[in-house]
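Trainee: The structure's right below; bear with me while I get my questions together.
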4 protein chains.
Amino acid sequence: MNILATGFMPFNNETINPSYEALKRLSQNWDPNKGKLTVIELPVSYEKAPRILIEHIQKLRPDYVICVGQAGSRQGITPEKIAVNWKEATIKDSEGYTAAGEKIRADGEDGLFTTLPIKEMVQKIKKRKIPASVSYSAGTYVCNTLMYCVLDWIRQNKEFSNIQAGFIHVPYLTEQILDKPGLPSLSLEQIIQGLEATFEVLNRQ
Amino acid sequence: MNILATGFMPFNNETINPSYEALKRLSQNWDPNKGKLTVIELPVSYEKAPRILIEHIQKLRPDYVICVGQAGSRQGITPEKIAVNWKEATIKDSEGYTAAGEKIRADGEDGLFTTLPIKEMVQKIKKRKIPASVSYSAGTYVCNTLMYCVLDWIRQNKEFSNIQAGFIHVPYLTEQILDKPGLPSLSLEQIIQGLEATFEVLNRQ
Amino acid sequence: MNILATGFMPFNNETINPSYEALKRLSQNWDPNKGKLTVIELPVSYEKAPRILIEHIQKLRPDYVICVGQAGSRQGITPEKIAVNWKEATIKDSEGYTAAGEKIRADGEDGLFTTLPIKEMVQKIKKRKIPASVSYSAGTYVCNTLMYCVLDWIRQNKEFSNIQAGFIHVPYLTEQILDKPGLPSLSLEQIIQGLEATFEVLNRQ
Amino acid sequence: MNILATGFMPFNNETINPSYEALKRLSQNWDPNKGKLTVIELPVSYEKAPRILIEHIQKLRPDYVICVGQAGSRQGITPEKIAVNWKEATIKDSEGYTAAGEKIRADGEDGLFTTLPIKEMVQKIKKRKIPASVSYSAGTYVCNTLMYCVLDWIRQNKEFSNIQAGFIHVPYLTEQILDKPGLPSLSLEQIIQGLEATFEVLNRQ
């Protein structure tokens, strides 16, 4: 089994991004008997994030592509069901680009379902006593664009069509919410545990 | 201009559904010089709601189909961007059916964008000092199924392909949240005003 | 029956304060057969608000003093049970004063209960289908200081000891939450209705 | 330094109470060089909880009494500023008693401030990257009654008047919110860390 997992760099005034922090730690303690795990850190850029990811897919030819990002106000680990062909956000991306509301691919389908076993992932996470649920919106910022682009690219490139891919949002780390009243969070250890649980579902030989 | 608008019957232990209440009142005060407005009340049924709506479309041949439903925890009026090819909910529909997680149409596309001018609708609503935003998830209950089915049917039936259709979620009425601490709501008058504002954007002769 | 009601001026970047707006409208439509209603607008000042109120109490010798203020994140109309002998807030008052955490009266009691029939008020408001509940914290900003000072002053001045006094917080107006996602609100009409309902409980001849 | 700390038994359909779980673990790893720490578990009873606590105070003659309880919807560790002379809740206590709205002590003061250094406690907790803030309402259930009774008893019994006492609310454990969408939580480790931080402020020889 060959897994390519991606996290993001910090964005929107944060100094840490739980997605990459957790994946980095997960890979440091990864048991190679379970397969190969490659973790990369992507810039929060509509254009660069998918481009860099696809370059790595072509090199590494993974069985699974698991993209992870931060969704600040969520309570639990939330695998995404669908990416939408739309980008729109008031905040800029890392290149200074503001998406005012436009299609990601002019002739692309409106929505693309994940090909990961997300229901099983949610069950595995909850078994570890960590909150989780399927999400039906990955937003319209870089996370959704990355998910859309990778699913679309796999569809377009038949040679890679057996790759299963998708996106998982994780909440803020507790240290990120000290001045954000009311928002939920998880500890880094809990996010690592939750992501590790999702990998248990993947078992292609 | 010929508008067909649908609201839902009450569900999930509620005795009122703001979607139909508001549309009914809107139609009672409708100025016929603006065009024709037909309002129907649909059962909260995965199967019946789309079937009854499509029968009315065939009879009335409207220019616009505006489906409205209640999304209890939302703050404002939220036109939906996309319907997904998925139904899943822990609560039953009006026929006693529980959707355990299945495609609405086995060979349908994963997601279908609304064809209504939802950004303009949001602007018009906010001009009336009523909270509004585009929503990127209509959920996976009957509301989403109705939206998916009508968009899919219009695509399949070329004769009707000039109909613009979509879905708008409205919050709880204030009277519905008396025992639901923390949840936002709008008054019936505000929901009527908000929906009326969305109709102002529609202007086909 | 002689009622003195107070609202506040706008604060913290708001351009309107629902407390005074609602009271002003209520007094404009007040039926004098119910008694005398005087409404005044107070500055959001730890020092001036109680001083001006007490001057008016001395002049008007009311039976009831109902102070009203805005508590932005609340869902309903919330009569306060207790004022605490503490002022502390990160935002300044209208005079530019920041309360860093100090007693309002060095030798005052820690807390003072309202003398208004707040449970009956809550019941009357809910009968009008408007959300309401007793609140057990009026915060530590000017609202609480005003409530503490008026209750303390009445206790100290035996001549006025038959005055019943207290504080009622009201939520944001809907127009105030257009750019505040998730927060609840009420329409001006609903806040007027809610405050009017609290006055129904007052019936001293 | 001699600390008496109390946690509660589980209540309201929960099978665990983070207050006692955390204190138990804290005491198991307690360094006796820091002083003596006694932890007891109290029933969620308006009558028994204060009675048992006061019996232990008389026996142990502690310098500090730190009562801890669960406040399910809170984000962080929240030391309480004030206890109010009021008990009222829709849920029963462990003895089946429902407090319909009544004074705790007929002739007691309306409110009583904690005598713990709660601001310093909040700072110490946040230094450990755990959310914390002063709370100005301990509610009107058993937690508040316990806090009120112990503060009142210390005031009445001059012999014990040098004891500093108060109450700290802690959020749900993460395992408690798996089926409570949106609510924040902390891990057991984080709650232990937070409570341990509050003890660092206590340093009486």
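Letters A, B, ... go to the chains of the structure tokens in the order shown; residues in each chain start at 1; ligands are counted from 1 in the same order.
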Using only C-alpha atoms, which residues sit within 9 Å of Gly182 (chain D) once same-chain residues fewer than 6 positions away are excluded, as JSON, numbers by chain?

Mentor: {"A": [73, 74, 75, 76, 183, 184]}

Trainee: Would you mind listing, as a PyMOL selection string, all residues of chain D that have at least one atom within 8 Å of chain C, where only C-alpha atoms are what counts?

Mentor: chain D and resi 82+84+109-113+136-137+139

Trainee: What would the file look like if the residues just selected were written as a PDB file, in the first residue's frame with C-alpha atoms?

Mentor:
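Full text of again-v2.pdb as output:
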```pdb
ATOM      1  CA  ILE D  82     -19.457  34.521  42.208  1.00  0.00           C
ATOM      2  CA  VAL D  84     -25.590  33.256  43.888  1.00  0.00           C
ATOM      3  CA  GLU D 109     -26.470  37.390  50.956  1.00  0.00           C
ATOM      4  CA  ASP D 110     -27.511  37.525  47.304  1.00  0.00           C
ATOM      5  CA  GLY D 111     -24.049  36.723  45.989  1.00  0.00           C
ATOM      6  CA  LEU D 112     -20.665  35.701  47.376  1.00  0.00           C
ATOM      7  CA  PHE D 113     -17.349  36.221  45.612  1.00  0.00           C
ATOM      8  CA  TYR D 136     -19.416  35.253  36.138  1.00  0.00           C
ATOM      9  CA  SER D 137     -22.140  32.639  36.514  1.00  0.00           C
ATOM     10  CA  GLY D 139     -25.426  28.482  37.089  1.00  0.00           C
TER      11      GLY D 139
END
```

Trainee: Quick one: pick out all strand (DSSP E or B) residues within region 76-116 of chain D from a backbone DSSP run and write them as an mmCIF file with N, CA, C and O atoms, in the first residue's frame.

Mentor:
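That gives us result-v1.cif:
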```cif
data_model
loop_
_atom_site.group_PDB
_atom_site.id
_atom_site.type_symbol
_atom_site.label_atom_id
_atom_site.label_comp_id
_atom_site.auth_asym_id
_atom_site.auth_seq_id
_atom_site.Cartn_x
_atom_site.Cartn_y
_atom_site.Cartn_z
ATOM 1 N N ILE D 77 -11.433 25.985 30.721
ATOM 2 C CA ILE D 77 -11.465 25.887 32.173
ATOM 3 C C ILE D 77 -11.903 27.255 32.709
ATOM 4 O O ILE D 77 -11.278 28.264 32.366
ATOM 5 N N THR D 78 -12.954 27.285 33.532
ATOM 6 C CA THR D 78 -13.523 28.570 33.918
ATOM 7 C C THR D 78 -13.706 28.686 35.430
ATOM 8 O O THR D 78 -14.731 28.265 35.966
ATOM 9 N N PRO D 79 -12.728 29.292 36.102
ATOM 10 C CA PRO D 79 -12.900 29.597 37.525
ATOM 11 C C PRO D 79 -14.068 30.574 37.700
ATOM 12 O O PRO D 79 -14.209 31.520 36.912
ATOM 13 N N GLU D 80 -14.877 30.339 38.721
ATOM 14 C CA GLU D 80 -16.082 31.142 38.921
ATOM 15 C C GLU D 80 -15.807 32.335 39.844
ATOM 16 O O GLU D 80 -15.169 32.189 40.871
ATOM 17 N N ILE D 82 -18.391 34.289 41.220
ATOM 18 C CA ILE D 82 -19.457 34.521 42.208
ATOM 19 C C ILE D 82 -20.429 33.346 42.291
ATOM 20 O O ILE D 82 -20.719 32.702 41.284
ATOM 21 N N ALA D 83 -20.876 33.070 43.505
ATOM 22 C CA ALA D 83 -21.973 32.119 43.708
ATOM 23 C C ALA D 83 -23.205 32.923 44.082
ATOM 24 O O ALA D 83 -23.094 33.926 44.800
ATOM 25 N N VAL D 84 -24.369 32.502 43.585
ATOM 26 C CA VAL D 84 -25.590 33.256 43.888
ATOM 27 C C VAL D 84 -26.496 32.453 44.824
ATOM 28 O O VAL D 84 -26.498 31.215 44.795
ATOM 29 N N LYS D 87 -31.265 28.475 43.805
ATOM 30 C CA LYS D 87 -31.184 27.172 43.148
ATOM 31 C C LYS D 87 -32.423 26.944 42.299
ATOM 32 O O LYS D 87 -33.544 27.147 42.751
ATOM 33 N N GLU D 88 -32.201 26.529 41.073
ATOM 34 C CA GLU D 88 -33.300 26.354 40.127
ATOM 35 C C GLU D 88 -32.788 25.569 38.922
ATOM 36 O O GLU D 88 -31.800 25.949 38.293
ATOM 37 N N ALA D 100 -37.194 24.391 42.206
ATOM 38 C CA ALA D 100 -38.105 25.125 41.334
ATOM 39 C C ALA D 100 -37.781 26.608 41.267
ATOM 40 O O ALA D 100 -38.413 27.348 40.519
ATOM 41 N N GLY D 101 -36.797 27.040 42.051
ATOM 42 C CA GLY D 101 -36.482 28.477 42.118
ATOM 43 C C GLY D 101 -36.639 28.950 43.538
ATOM 44 O O GLY D 101 -37.732 29.349 43.928
ATOM 45 N N GLU D 102 -35.571 28.895 44.322
ATOM 46 C CA GLU D 102 -35.665 29.225 45.743
ATOM 47 C C GLU D 102 -34.289 29.660 46.235
ATOM 48 O O GLU D 102 -33.265 29.343 45.636
ATOM 49 N N GLY D 111 -25.184 37.321 46.708
ATOM 50 C CA GLY D 111 -24.049 36.723 45.989
ATOM 51 C C GLY D 111 -22.812 36.716 46.855
ATOM 52 O O GLY D 111 -22.667 37.569 47.746
ATOM 53 N N LEU D 112 -21.916 35.773 46.608
ATOM 54 C CA LEU D 112 -20.665 35.701 47.376
ATOM 55 C C LEU D 112 -19.506 35.471 46.410
ATOM 56 O O LEU D 112 -19.509 34.494 45.642
ATOM 57 N N PHE D 113 -18.518 36.351 46.485
ATOM 58 C CA PHE D 113 -17.349 36.221 45.612
ATOM 59 C C PHE D 113 -16.434 35.093 46.081
ATOM 60 O O PHE D 113 -16.278 34.859 47.287
#
```

Trainee: Skipping near chain neighbours, those fewer than 3 positions away, what residues fall within 9 Å of Pro18 (chain B) using only C-alpha atoms, listed as a list in words?

Mentor: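 Counting only the stated atoms, we get Gly7, Phe8, Pro10, Glu21, Ala22, Leu23, Gly69, Gln70, Val170, Pro171, Tyr172, Leu173, Leu188 and Ile191 of chain B.
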
Trainee: Excluding Asp152 (chain D) and its own-chain neighbours fewer than 4 positions away, which residues fall within 8 Å of it when counting only C-alpha atoms? Please give them as a short mmCIF file (atom, residue, chain, number, x, y, z; two decimals) with N, CA, C and O atoms, in the first residue's frame.

Mentor:
```
data_model
loop_
_atom_site.label_atom_id
_atom_site.label_comp_id
_atom_site.auth_asym_id
_atom_site.auth_seq_id
_atom_site.Cartn_x
_atom_site.Cartn_y
_atom_site.Cartn_z
N GLY D 108 -29.40 34.53 53.58
CA GLY D 108 -28.04 34.69 53.08
C GLY D 108 -27.91 35.90 52.16
O GLY D 108 -28.91 36.44 51.68
N LEU D 112 -21.92 35.77 46.61
CA LEU D 112 -20.67 35.70 47.38
C LEU D 112 -19.51 35.47 46.41
O LEU D 112 -19.51 34.49 45.64
N TYR D 148 -21.77 28.33 46.86
CA TYR D 148 -22.39 29.29 47.77
C TYR D 148 -22.27 28.81 49.22
O TYR D 148 -21.89 29.57 50.12
N GLN D 156 -19.31 32.34 58.04
CA GLN D 156 -20.03 32.21 59.32
C GLN D 156 -19.14 31.62 60.41
O GLN D 156 -19.42 31.79 61.59
#
```

Trainee: Please, which residues of chain C, numbered as in this document, come out alpha helix (DSSP H) from DSSP, as an MDAnalysis selection string?

Mentor: chainID C and resid 18:28 48:60 118:127 142:156 188:200

Trainee: Just how far from CA of Ser45 (chain A) is CA of Tyr20 (chain A), in Å to one decimal?

Mentor: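 If I compute the distance from CA of Tyr20 (chain A) to CA of Ser45 (chain A), I get 15.1 Å.
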
Trainee: What's around Met1 (chain B) at 9 Å? Count only C-alpha atoms, leave out sequence neighbours fewer than 2 positions away in its own chain, and write the answer as a list in words.

Mentor: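 In the requested form, the answer reads Ile3, Lys34, Gly35, Lys36, Leu37, Pro62, Asp63, Tyr64, Leu202, Asn203, Arg204 and Gln205 of chain B.
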
Trainee: Would you output that residue set with N, CA, C and O atoms, as a compact mmCIF listing (two decimals), in the first residue's frame?

Mentor:
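Result written to result.txt:
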```txt
# COMPACT_ATOMS: atom_id res chain seq x y z
N ILE B 3 -43.82 31.99 -12.32
CA ILE B 3 -43.03 31.37 -11.26
C ILE B 3 -43.81 30.25 -10.58
O ILE B 3 -44.97 30.44 -10.21
N LYS B 34 -46.74 41.66 -11.86
CA LYS B 34 -45.35 41.18 -11.88
C LYS B 34 -45.22 39.85 -12.61
O LYS B 34 -44.12 39.37 -12.85
N GLY B 35 -46.34 39.21 -12.89
CA GLY B 35 -46.31 37.90 -13.51
C GLY B 35 -47.19 36.95 -12.74
O GLY B 35 -47.95 37.36 -11.85
N LYS B 36 -47.08 35.66 -13.08
CA LYS B 36 -47.93 34.66 -12.43
C LYS B 36 -47.12 33.94 -11.37
O LYS B 36 -45.98 33.54 -11.62
N LEU B 37 -47.71 33.80 -10.19
CA LEU B 37 -47.03 33.07 -9.11
C LEU B 37 -47.93 31.94 -8.63
O LEU B 37 -49.05 32.18 -8.18
N PRO B 62 -43.53 26.71 -16.09
CA PRO B 62 -43.05 27.98 -15.54
C PRO B 62 -41.72 28.40 -16.15
O PRO B 62 -41.00 27.58 -16.74
N ASP B 63 -41.39 29.68 -15.98
CA ASP B 63 -40.04 30.16 -16.32
C ASP B 63 -39.06 29.84 -15.20
O ASP B 63 -37.89 29.59 -15.45
N TYR B 64 -39.58 29.90 -13.97
CA TYR B 64 -38.71 29.70 -12.80
C TYR B 64 -39.35 28.71 -11.83
O TYR B 64 -40.56 28.78 -11.58
N LEU B 202 -35.81 37.95 -10.61
CA LEU B 202 -36.36 37.21 -11.75
C LEU B 202 -37.15 38.18 -12.61
O LEU B 202 -38.04 38.87 -12.13
N ASN B 203 -36.82 38.23 -13.88
CA ASN B 203 -37.49 39.27 -14.68
C ASN B 203 -37.70 38.87 -16.13
O ASN B 203 -37.73 39.72 -17.01
N ARG B 204 -37.83 37.58 -16.35
CA ARG B 204 -38.03 37.16 -17.73
C ARG B 204 -39.42 37.58 -18.21
O ARG B 204 -40.41 37.40 -17.50
N GLN B 205 -39.49 38.14 -19.37
CA GLN B 205 -40.78 38.62 -19.89
C GLN B 205 -41.61 37.48 -20.46
O GLN B 205 -41.08 36.51 -20.95
```

Trainee: Just to confirm, what's the straight-line distance from CA of Asn17 (chain D) to CA of Trp153 (chain D) in Å (one decimal)?

Mentor: 25.9 Å

Trainee: Expressed in Å to a single decimal, how great is the separation between CA of Phe160 (chain C) and CA of Ile52 (chain C)?

Mentor: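 Value for the CA of Phe160 (chain C)-CA of Ile52 (chain C) distance: 16.2 Å.
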